[in-house]
Amino acid sequence: MADTACDRVFHVQRTLASMDGPSHGPRAIAREAGLNKSTVHRILNSGLAYDVFVRDGAGKYRLGSGAVSLGMRAAAYRFNEASQRQILARLLHEANGMLCAIESLTPLTSARRRTEQYVARRGVLAEPGVVGDGFMASARSLRAGAAGRVLLSGLPATVQRAVAAEALSPSLTGPGYIQDACEFLRAVGDVASRGTAVSWEEVRAGWCAVAAPIGGNVVMGAMVLAKPRADMTPGATEEIARTREAAARIADLLGEA
């Protein structure tokens, strides 16, 4: 419960971030936050000067670029390439994977993902039917693959439905691609209860992936382990356990001094 003035400021910010839809009026935000409307209105107006909140022409509010920059600065100071690659290399070895990666939402596009860091066994990206280095660096849809569902699980329902309605080119999908939008949305919802997502040949024939969310209450990214289907353990049980452990180690980097 938000007991102090400072508590209420952060509570309003977190509440607005969790609400479905691009913007909301003070009354709706106050109702969702369980606070007095006048209190919420003062907090929202105070945040305008710092770009934490933005007010549109209809008098509704959304999070501003100031909120985005806070997260980016936090990650920049806490994460470093060497630590990330050590964790990825350990996962690659322990799970006998072919490729391990950290994926995140792209900051300047709507509901897209990109690869932040990856390690792969020698020559694997050059194999026929396997995505190349240029593809890994590009902004990609969340509609196919385990990592996409993990990242999407932390976004509002409106965004989830928009992604579910996307039509991907057959060249970007494999035989296990989830065609039905409703089935896809159920799979996104399963991420919260299971703590992971498993992709069975969704992106490329013969290849599977396990993804686990990085972060607790907020999904900051996805830890991904990919390997040939023939090398997966039954039910992907070992891959799931190893990927979860690696995701937790990445998240722990935020708590280091």
# chains A, B, ... in the order shown; residues from 1 in each chain; ligands from 1
$ residues_around --residues "range 166-174 of chain A" --least-positions-apart "4" --cutoff "10 Å" --atoms "only C-alpha atoms" --output "list of chain:residue names"
A:Val131, A:Arg140, A:Ser141, A:Leu142, A:Arg143, A:Ala144, A:Gly145, A:Arg161, A:Ala162, A:Ile178, A:Gln179, A:Ala181, A:Trp200, A:Glu201, A:Glu202, A:Val203, A:Arg204, A:Ala205, A:Gly206, A:Trp207
$ write_last_selection --atoms "N, CA, C and O atoms" --output "PDB file, in the first residue's frame"
ATOM      1  N   VAL A 131      19.356 -19.068 -39.029  1.00  0.00           N
ATOM      2  CA  VAL A 131      19.431 -17.619 -39.225  1.00  0.00           C
ATOM      3  C   VAL A 131      20.866 -17.142 -39.124  1.00  0.00           C
ATOM      4  O   VAL A 131      21.671 -17.695 -38.386  1.00  0.00           O
ATOM      5  N   ARG A 140      12.755  -7.780 -34.876  1.00  0.00           N
ATOM      6  CA  ARG A 140      11.935  -8.877 -35.376  1.00  0.00           C
ATOM      7  C   ARG A 140      10.605  -8.954 -34.640  1.00  0.00           C
ATOM      8  O   ARG A 140      10.464  -8.485 -33.522  1.00  0.00           O
ATOM      9  N   SER A 141       9.658  -9.601 -35.253  1.00  0.00           N
ATOM     10  CA  SER A 141       8.321  -9.744 -34.683  1.00  0.00           C
ATOM     11  C   SER A 141       8.354 -10.630 -33.437  1.00  0.00           C
ATOM     12  O   SER A 141       9.208 -11.517 -33.299  1.00  0.00           O
ATOM     13  N   LEU A 142       7.375 -10.406 -32.549  1.00  0.00           N
ATOM     14  CA  LEU A 142       7.203 -11.253 -31.375  1.00  0.00           C
ATOM     15  C   LEU A 142       6.275 -12.430 -31.672  1.00  0.00           C
ATOM     16  O   LEU A 142       6.016 -13.253 -30.787  1.00  0.00           O
ATOM     17  N   ARG A 143       5.769 -12.521 -32.893  1.00  0.00           N
ATOM     18  CA  ARG A 143       4.716 -13.484 -33.215  1.00  0.00           C
ATOM     19  C   ARG A 143       5.199 -14.927 -33.273  1.00  0.00           C
ATOM     20  O   ARG A 143       4.411 -15.862 -33.097  1.00  0.00           O
ATOM     21  N   ALA A 144       6.473 -15.155 -33.558  1.00  0.00           N
ATOM     22  CA  ALA A 144       6.992 -16.520 -33.661  1.00  0.00           C
ATOM     23  C   ALA A 144       8.150 -16.718 -32.703  1.00  0.00           C
ATOM     24  O   ALA A 144       9.002 -15.846 -32.546  1.00  0.00           O
ATOM     25  N   GLY A 145       8.173 -17.879 -32.060  1.00  0.00           N
ATOM     26  CA  GLY A 145       9.298 -18.224 -31.209  1.00  0.00           C
ATOM     27  C   GLY A 145       9.048 -18.032 -29.734  1.00  0.00           C
ATOM     28  O   GLY A 145       8.196 -17.242 -29.316  1.00  0.00           O
ATOM     29  N   ARG A 161      -2.840  -8.697 -28.340  1.00  0.00           N
ATOM     30  CA  ARG A 161      -3.816  -8.993 -29.396  1.00  0.00           C
ATOM     31  C   ARG A 161      -3.342  -8.482 -30.755  1.00  0.00           C
ATOM     32  O   ARG A 161      -3.561  -9.131 -31.786  1.00  0.00           O
ATOM     33  N   ALA A 162      -2.678  -7.327 -30.764  1.00  0.00           N
ATOM     34  CA  ALA A 162      -2.170  -6.774 -32.027  1.00  0.00           C
ATOM     35  C   ALA A 162      -1.096  -7.686 -32.616  1.00  0.00           C
ATOM     36  O   ALA A 162      -1.070  -7.932 -33.831  1.00  0.00           O
ATOM     37  N   ILE A 178       2.626 -21.353 -34.563  1.00  0.00           N
ATOM     38  CA  ILE A 178       1.261 -21.323 -34.044  1.00  0.00           C
ATOM     39  C   ILE A 178       0.421 -20.405 -34.924  1.00  0.00           C
ATOM     40  O   ILE A 178       0.476 -19.180 -34.799  1.00  0.00           O
ATOM     41  N   GLN A 179      -0.360 -21.005 -35.804  1.00  0.00           N
ATOM     42  CA  GLN A 179      -1.129 -20.221 -36.774  1.00  0.00           C
ATOM     43  C   GLN A 179      -2.299 -19.484 -36.128  1.00  0.00           C
ATOM     44  O   GLN A 179      -2.539 -18.308 -36.409  1.00  0.00           O
ATOM     45  N   ALA A 181      -4.587 -17.342 -33.841  1.00  0.00           N
ATOM     46  CA  ALA A 181      -4.320 -16.215 -32.946  1.00  0.00           C
ATOM     47  C   ALA A 181      -4.748 -16.512 -31.513  1.00  0.00           C
ATOM     48  O   ALA A 181      -4.047 -16.143 -30.563  1.00  0.00           O
ATOM     49  N   TRP A 200       8.772 -25.357 -30.487  1.00  0.00           N
ATOM     50  CA  TRP A 200       9.063 -26.604 -31.191  1.00  0.00           C
ATOM     51  C   TRP A 200       8.982 -26.349 -32.699  1.00  0.00           C
ATOM     52  O   TRP A 200       7.921 -26.389 -33.289  1.00  0.00           O
ATOM     53  N   GLU A 201      10.129 -26.048 -33.283  1.00  0.00           N
ATOM     54  CA  GLU A 201      10.240 -25.805 -34.730  1.00  0.00           C
ATOM     55  C   GLU A 201       9.316 -24.678 -35.206  1.00  0.00           C
ATOM     56  O   GLU A 201       8.806 -24.723 -36.321  1.00  0.00           O
ATOM     57  N   GLU A 202       9.128 -23.662 -34.402  1.00  0.00           N
ATOM     58  CA  GLU A 202       8.270 -22.538 -34.793  1.00  0.00           C
ATOM     59  C   GLU A 202       8.934 -21.615 -35.805  1.00  0.00           C
ATOM     60  O   GLU A 202       8.263 -21.022 -36.652  1.00  0.00           O
ATOM     61  N   VAL A 203      10.243 -21.449 -35.679  1.00  0.00           N
ATOM     62  CA  VAL A 203      10.967 -20.499 -36.525  1.00  0.00           C
ATOM     63  C   VAL A 203      11.726 -21.196 -37.647  1.00  0.00           C
ATOM     64  O   VAL A 203      11.788 -20.698 -38.769  1.00  0.00           O
ATOM     65  N   ARG A 204      12.313 -22.352 -37.365  1.00  0.00           N
ATOM     66  CA  ARG A 204      13.055 -23.115 -38.366  1.00  0.00           C
ATOM     67  C   ARG A 204      12.790 -24.602 -38.173  1.00  0.00           C
ATOM     68  O   ARG A 204      12.745 -25.091 -37.044  1.00  0.00           O
ATOM     69  N   ALA A 205      12.630 -25.316 -39.269  1.00  0.00           N
ATOM     70  CA  ALA A 205      12.430 -26.757 -39.205  1.00  0.00           C
ATOM     71  C   ALA A 205      13.643 -27.416 -38.556  1.00  0.00           C
ATOM     72  O   ALA A 205      14.792 -27.092 -38.871  1.00  0.00           O
ATOM     73  N   GLY A 206      13.378 -28.324 -37.625  1.00  0.00           N
ATOM     74  CA  GLY A 206      14.445 -29.070 -36.981  1.00  0.00           C
ATOM     75  C   GLY A 206      15.063 -28.384 -35.783  1.00  0.00           C
ATOM     76  O   GLY A 206      15.881 -28.987 -35.078  1.00  0.00           O
ATOM     77  N   TRP A 207      14.684 -27.121 -35.524  1.00  0.00           N
ATOM     78  CA  TRP A 207      15.271 -26.360 -34.429  1.00  0.00           C
ATOM     79  C   TRP A 207      14.215 -26.004 -33.385  1.00  0.00           C
ATOM     80  O   TRP A 207      13.090 -25.641 -33.721  1.00  0.00           O
TER      81      TRP A 207
END
$ select_by_dssp --residues "range 220-251 of chain A" --states "strand (DSSP E)" --output "list in words"
Gly221, Ala222, Met223, Val224, Leu225, Ala226, Lys227 and Pro228 of chain A
$ select_by_dssp --residues "range 27-188 of chain A" --states "helix (DSSP H, G or I)" --output "PyMOL selection string"
chain A and resi 27-33+37-48+65-78+81-94+124-126+133-137+146-152+157-164+170-172+181-188
$ write_last_selection --atoms "C-alpha atoms" --output "PDB file, in the first residue's frame"
ATOM      1  CA  ARG A  27     -10.130   8.962 -12.712  1.00  0.00           C
ATOM      2  CA  ALA A  28      -9.326   5.566 -14.257  1.00  0.00           C
ATOM      3  CA  ILE A  29      -5.750   5.654 -12.970  1.00  0.00           C
ATOM      4  CA  ALA A  30      -6.927   6.614  -9.478  1.00  0.00           C
ATOM      5  CA  ARG A  31      -9.461   3.793  -9.458  1.00  0.00           C
ATOM      6  CA  GLU A  32      -6.848   1.255 -10.543  1.00  0.00           C
ATOM      7  CA  ALA A  33      -4.312   2.572  -8.010  1.00  0.00           C
ATOM      8  CA  LYS A  37      -8.340  11.303  -7.856  1.00  0.00           C
ATOM      9  CA  SER A  38      -6.985  14.707  -6.822  1.00  0.00           C
ATOM     10  CA  THR A  39      -3.829  13.081  -5.457  1.00  0.00           C
ATOM     11  CA  VAL A  40      -3.282  11.177  -8.685  1.00  0.00           C
ATOM     12  CA  HIS A  41      -3.954  14.297 -10.756  1.00  0.00           C
ATOM     13  CA  ARG A  42      -1.271  16.253  -8.849  1.00  0.00           C
ATOM     14  CA  ILE A  43       1.261  13.436  -9.315  1.00  0.00           C
ATOM     15  CA  LEU A  44       0.548  13.194 -13.040  1.00  0.00           C
ATOM     16  CA  ASN A  45       0.846  16.937 -13.593  1.00  0.00           C
ATOM     17  CA  SER A  46       4.078  17.113 -11.576  1.00  0.00           C
ATOM     18  CA  GLY A  47       5.575  14.377 -13.733  1.00  0.00           C
ATOM     19  CA  LEU A  48       4.923  16.279 -16.962  1.00  0.00           C
ATOM     20  CA  SER A  65      10.381   9.173 -22.434  1.00  0.00           C
ATOM     21  CA  GLY A  66      11.674  10.049 -18.976  1.00  0.00           C
ATOM     22  CA  ALA A  67      10.368   6.720 -17.687  1.00  0.00           C
ATOM     23  CA  VAL A  68      12.028   4.878 -20.563  1.00  0.00           C
ATOM     24  CA  SER A  69      15.387   6.545 -19.951  1.00  0.00           C
ATOM     25  CA  LEU A  70      15.384   5.471 -16.291  1.00  0.00           C
ATOM     26  CA  GLY A  71      15.261   1.817 -17.260  1.00  0.00           C
ATOM     27  CA  MET A  72      17.868   2.205 -19.969  1.00  0.00           C
ATOM     28  CA  ARG A  73      20.274   3.957 -17.614  1.00  0.00           C
ATOM     29  CA  ALA A  74      19.754   1.324 -14.923  1.00  0.00           C
ATOM     30  CA  ALA A  75      20.572  -1.453 -17.377  1.00  0.00           C
ATOM     31  CA  ALA A  76      23.595   0.407 -18.753  1.00  0.00           C
ATOM     32  CA  TYR A  77      25.185   0.669 -15.313  1.00  0.00           C
ATOM     33  CA  ARG A  78      24.286  -2.813 -14.089  1.00  0.00           C
ATOM     34  CA  GLU A  81      29.047  -7.480 -21.909  1.00  0.00           C
ATOM     35  CA  ALA A  82      31.623  -9.658 -20.172  1.00  0.00           C
ATOM     36  CA  SER A  83      29.231 -10.789 -17.438  1.00  0.00           C
ATOM     37  CA  GLN A  84      26.482 -11.503 -19.951  1.00  0.00           C
ATOM     38  CA  ARG A  85      28.728 -13.568 -22.202  1.00  0.00           C
ATOM     39  CA  GLN A  86      30.022 -15.620 -19.279  1.00  0.00           C
ATOM     40  CA  ILE A  87      26.480 -16.592 -18.340  1.00  0.00           C
ATOM     41  CA  LEU A  88      25.575 -17.349 -21.954  1.00  0.00           C
ATOM     42  CA  ALA A  89      28.699 -19.484 -22.446  1.00  0.00           C
ATOM     43  CA  ARG A  90      27.931 -21.419 -19.262  1.00  0.00           C
ATOM     44  CA  LEU A  91      24.370 -22.122 -20.443  1.00  0.00           C
ATOM     45  CA  LEU A  92      25.639 -23.203 -23.873  1.00  0.00           C
ATOM     46  CA  HIS A  93      28.013 -25.696 -22.239  1.00  0.00           C
ATOM     47  CA  GLU A  94      25.728 -27.028 -19.482  1.00  0.00           C
ATOM     48  CA  VAL A 124      26.288 -22.822 -36.446  1.00  0.00           C
ATOM     49  CA  LEU A 125      24.989 -19.550 -37.917  1.00  0.00           C
ATOM     50  CA  ALA A 126      26.369 -20.506 -41.306  1.00  0.00           C
ATOM     51  CA  ASP A 133      24.314 -12.851 -37.946  1.00  0.00           C
ATOM     52  CA  GLY A 134      22.480 -10.043 -39.763  1.00  0.00           C
ATOM     53  CA  PHE A 135      19.112 -11.505 -38.817  1.00  0.00           C
ATOM     54  CA  MET A 136      20.147 -11.685 -35.150  1.00  0.00           C
ATOM     55  CA  ALA A 137      20.902  -7.955 -35.140  1.00  0.00           C
ATOM     56  CA  ALA A 146       9.656 -18.748 -27.486  1.00  0.00           C
ATOM     57  CA  ALA A 147      11.469 -15.454 -26.844  1.00  0.00           C
ATOM     58  CA  GLY A 148       8.696 -13.490 -28.516  1.00  0.00           C
ATOM     59  CA  ARG A 149       6.064 -14.972 -26.212  1.00  0.00           C
ATOM     60  CA  VAL A 150       8.168 -14.341 -23.117  1.00  0.00           C
ATOM     61  CA  LEU A 151       8.678 -10.679 -23.998  1.00  0.00           C
ATOM     62  CA  LEU A 152       5.040 -10.297 -24.999  1.00  0.00           C
ATOM     63  CA  ALA A 157      -3.382  -7.185 -23.538  1.00  0.00           C
ATOM     64  CA  THR A 158      -3.988  -4.659 -26.326  1.00  0.00           C
ATOM     65  CA  VAL A 159      -0.419  -5.146 -27.584  1.00  0.00           C
ATOM     66  CA  GLN A 160      -0.700  -8.920 -27.228  1.00  0.00           C
ATOM     67  CA  ARG A 161      -3.816  -8.993 -29.396  1.00  0.00           C
ATOM     68  CA  ALA A 162      -2.170  -6.774 -32.027  1.00  0.00           C
ATOM     69  CA  VAL A 163       0.840  -9.103 -32.252  1.00  0.00           C
ATOM     70  CA  ALA A 164      -1.412 -12.169 -32.392  1.00  0.00           C
ATOM     71  CA  PRO A 170       6.350 -18.372 -44.484  1.00  0.00           C
ATOM     72  CA  SER A 171      10.082 -17.685 -44.829  1.00  0.00           C
ATOM     73  CA  LEU A 172      10.106 -16.516 -41.179  1.00  0.00           C
ATOM     74  CA  ALA A 181      -4.320 -16.215 -32.946  1.00  0.00           C
ATOM     75  CA  CYS A 182      -6.366 -17.485 -29.980  1.00  0.00           C
ATOM     76  CA  GLU A 183      -4.044 -20.432 -29.474  1.00  0.00           C
ATOM     77  CA  PHE A 184      -1.090 -18.056 -29.640  1.00  0.00           C
ATOM     78  CA  LEU A 185      -2.612 -15.798 -26.955  1.00  0.00           C
ATOM     79  CA  ARG A 186      -3.183 -18.827 -24.708  1.00  0.00           C
ATOM     80  CA  ALA A 187       0.478 -19.751 -25.161  1.00  0.00           C
ATOM     81  CA  VAL A 188       1.477 -16.196 -24.163  1.00  0.00           C
TER      82      VAL A 188
END
$ atom_distance --atom1 "CA of Arg114 in chain A" --atom2 "CA of Ile102 in chain A"
8.7 Å
$ atom_distance --atom1 "CA of Gly235 in chain A" --atom2 "CA of Asn96 in chain A"
15.6 Å
$ closest_residue --among "A:Ser153, A:Ala165, A:Ala17, A:Ala236" --to "Asp190 in chain A" --atoms "only C-alpha atoms"
A:Ser153
$ residues_around --residues "His24 in chain A" --least-positions-apart "2" --cutoff "8 Å" --atoms "only C-alpha atoms" --output "list in words"
Leu16, Gly21, Pro22, Pro26, Ala28, Ile29, Lys60, Tyr61 and Arg62 of chain A
$ write_last_selection --atoms "C-alpha atoms" --output "PDB file, in the first residue's frame"
ATOM      1  CA  LEU A  16      -0.056   3.344 -15.272  1.00  0.00           C
ATOM      2  CA  GLY A  21      -4.205   0.694 -23.522  1.00  0.00           C
ATOM      3  CA  PRO A  22      -1.971   3.605 -24.580  1.00  0.00           C
ATOM      4  CA  PRO A  26      -6.890  10.537 -13.945  1.00  0.00           C
ATOM      5  CA  ALA A  28      -9.326   5.566 -14.257  1.00  0.00           C
ATOM      6  CA  ILE A  29      -5.750   5.654 -12.970  1.00  0.00           C
ATOM      7  CA  LYS A  60      -5.356  11.428 -20.793  1.00  0.00           C
ATOM      8  CA  TYR A  61      -1.921  10.378 -19.572  1.00  0.00           C
ATOM      9  CA  ARG A  62       0.709   7.870 -20.625  1.00  0.00           C
TER      10      ARG A  62
END
$ closest_residue --among "A:Thr243, A:Ser199, A:Ser193, A:Thr233" --to "Ile214 in chain A" --atoms "only C-alpha atoms"
A:Thr243
$ closest_residue --among "A:Arg242, A:Gln13, A:Asp7, A:Gly195" --to "Val54 in chain A" --atoms "only C-alpha atoms"
A:Gln13
$ residues_around --residues "Ala211 in chain A" --least-positions-apart "2" --cutoff "8 Å" --atoms "only C-alpha atoms" --output "compact mmCIF listing (two decimals) with all heavy atoms, in the first residue's frame"
# COMPACT_ATOMS: atom_id res chain seq x y z
N ALA A 146 9.81 -18.78 -28.94
CA ALA A 146 9.66 -18.75 -27.49
C ALA A 146 9.99 -17.38 -26.90
O ALA A 146 9.30 -16.89 -25.99
CB ALA A 146 10.53 -19.83 -26.85
N ALA A 147 11.06 -16.76 -27.38
CA ALA A 147 11.47 -15.45 -26.84
C ALA A 147 10.40 -14.40 -27.07
O ALA A 147 10.14 -13.55 -26.21
CB ALA A 147 12.78 -15.01 -27.47
N VAL A 150 7.71 -14.78 -24.44
CA VAL A 150 8.17 -14.34 -23.12
C VAL A 150 8.14 -12.82 -23.02
O VAL A 150 7.63 -12.25 -22.04
CB VAL A 150 9.59 -14.88 -22.84
CG1 VAL A 150 10.22 -14.14 -21.66
CG2 VAL A 150 9.54 -16.36 -22.54
N THR A 196 8.29 -20.20 -18.37
CA THR A 196 9.11 -20.39 -19.57
C THR A 196 8.21 -20.54 -20.78
O THR A 196 6.99 -20.71 -20.65
CB THR A 196 10.00 -21.66 -19.49
OG1 THR A 196 9.17 -22.79 -19.20
CG2 THR A 196 11.08 -21.53 -18.45
N ALA A 197 8.81 -20.49 -21.95
CA ALA A 197 8.12 -20.81 -23.20
C ALA A 197 9.03 -21.74 -23.99
O ALA A 197 10.25 -21.59 -23.95
CB ALA A 197 7.81 -19.55 -24.00
N VAL A 198 8.42 -22.69 -24.67
CA VAL A 198 9.18 -23.63 -25.48
C VAL A 198 8.69 -23.55 -26.92
O VAL A 198 7.49 -23.58 -27.18
CB VAL A 198 9.05 -25.08 -24.97
CG1 VAL A 198 9.90 -26.02 -25.82
CG2 VAL A 198 9.46 -25.17 -23.51
N ALA A 209 13.63 -24.10 -29.26
CA ALA A 209 14.20 -23.11 -28.35
C ALA A 209 13.40 -23.07 -27.05
O ALA A 209 12.20 -23.33 -27.04
CB ALA A 209 14.22 -21.73 -28.99
N PRO A 213 11.91 -15.60 -18.81
CA PRO A 213 11.95 -14.15 -18.59
C PRO A 213 13.09 -13.73 -17.68
O PRO A 213 13.41 -14.43 -16.71
CB PRO A 213 10.59 -13.85 -17.96
CG PRO A 213 10.15 -15.13 -17.36
CD PRO A 213 10.71 -16.21 -18.22
N ALA A 222 14.61 -11.69 -22.31
CA ALA A 222 14.40 -13.14 -22.38
C ALA A 222 15.74 -13.83 -22.58
O ALA A 222 16.54 -13.43 -23.43
CB ALA A 222 13.46 -13.48 -23.53
N MET A 223 15.96 -14.87 -21.79
CA MET A 223 17.12 -15.73 -21.98
C MET A 223 16.70 -16.87 -22.90
O MET A 223 15.66 -17.50 -22.66
CB MET A 223 17.60 -16.29 -20.64
CG MET A 223 18.69 -17.33 -20.73
SD MET A 223 20.24 -16.68 -21.41
CE MET A 223 20.73 -15.59 -20.07
N VAL A 224 17.47 -17.12 -23.95
CA VAL A 224 17.07 -18.09 -24.96
C VAL A 224 18.16 -19.15 -25.16
O VAL A 224 19.34 -18.83 -25.25
CB VAL A 224 16.80 -17.40 -26.32
CG1 VAL A 224 16.21 -18.40 -27.31
CG2 VAL A 224 15.87 -16.21 -26.14
N LEU A 225 17.72 -20.39 -25.24
CA LEU A 225 18.60 -21.52 -25.56
C LEU A 225 18.01 -22.21 -26.78
O LEU A 225 16.84 -22.58 -26.79
CB LEU A 225 18.66 -22.50 -24.39
CG LEU A 225 19.23 -23.89 -24.69
CD1 LEU A 225 20.71 -23.81 -25.01
CD2 LEU A 225 18.98 -24.83 -23.51
N ILE A 240 14.78 -26.39 -19.91
CA ILE A 240 13.97 -25.43 -19.16
C ILE A 240 14.68 -25.05 -17.86
O ILE A 240 14.79 -23.87 -17.51
CB ILE A 240 12.57 -26.00 -18.87
CG1 ILE A 240 11.74 -26.02 -20.15
CG2 ILE A 240 11.85 -25.19 -17.79
CD1 ILE A 240 10.41 -26.74 -20.02
N THR A 243 17.87 -22.93 -18.57
CA THR A 243 17.56 -21.59 -19.08
C THR A 243 17.01 -20.71 -17.96
O THR A 243 17.34 -19.52 -17.87
CB THR A 243 16.54 -21.68 -20.23
OG1 THR A 243 17.06 -22.55 -21.24
CG2 THR A 243 16.29 -20.31 -20.84
N ARG A 244 16.18 -21.28 -17.09
CA ARG A 244 15.67 -20.52 -15.94
C ARG A 244 16.82 -20.06 -15.04
O ARG A 244 16.83 -18.92 -14.57
CB ARG A 244 14.71 -21.39 -15.13
CG ARG A 244 13.28 -21.39 -15.63
CD ARG A 244 12.46 -22.30 -14.77
NE ARG A 244 11.04 -22.11 -14.94
CZ ARG A 244 10.12 -22.90 -14.42
NH1 ARG A 244 10.48 -23.94 -13.69
NH2 ARG A 244 8.84 -22.66 -14.60
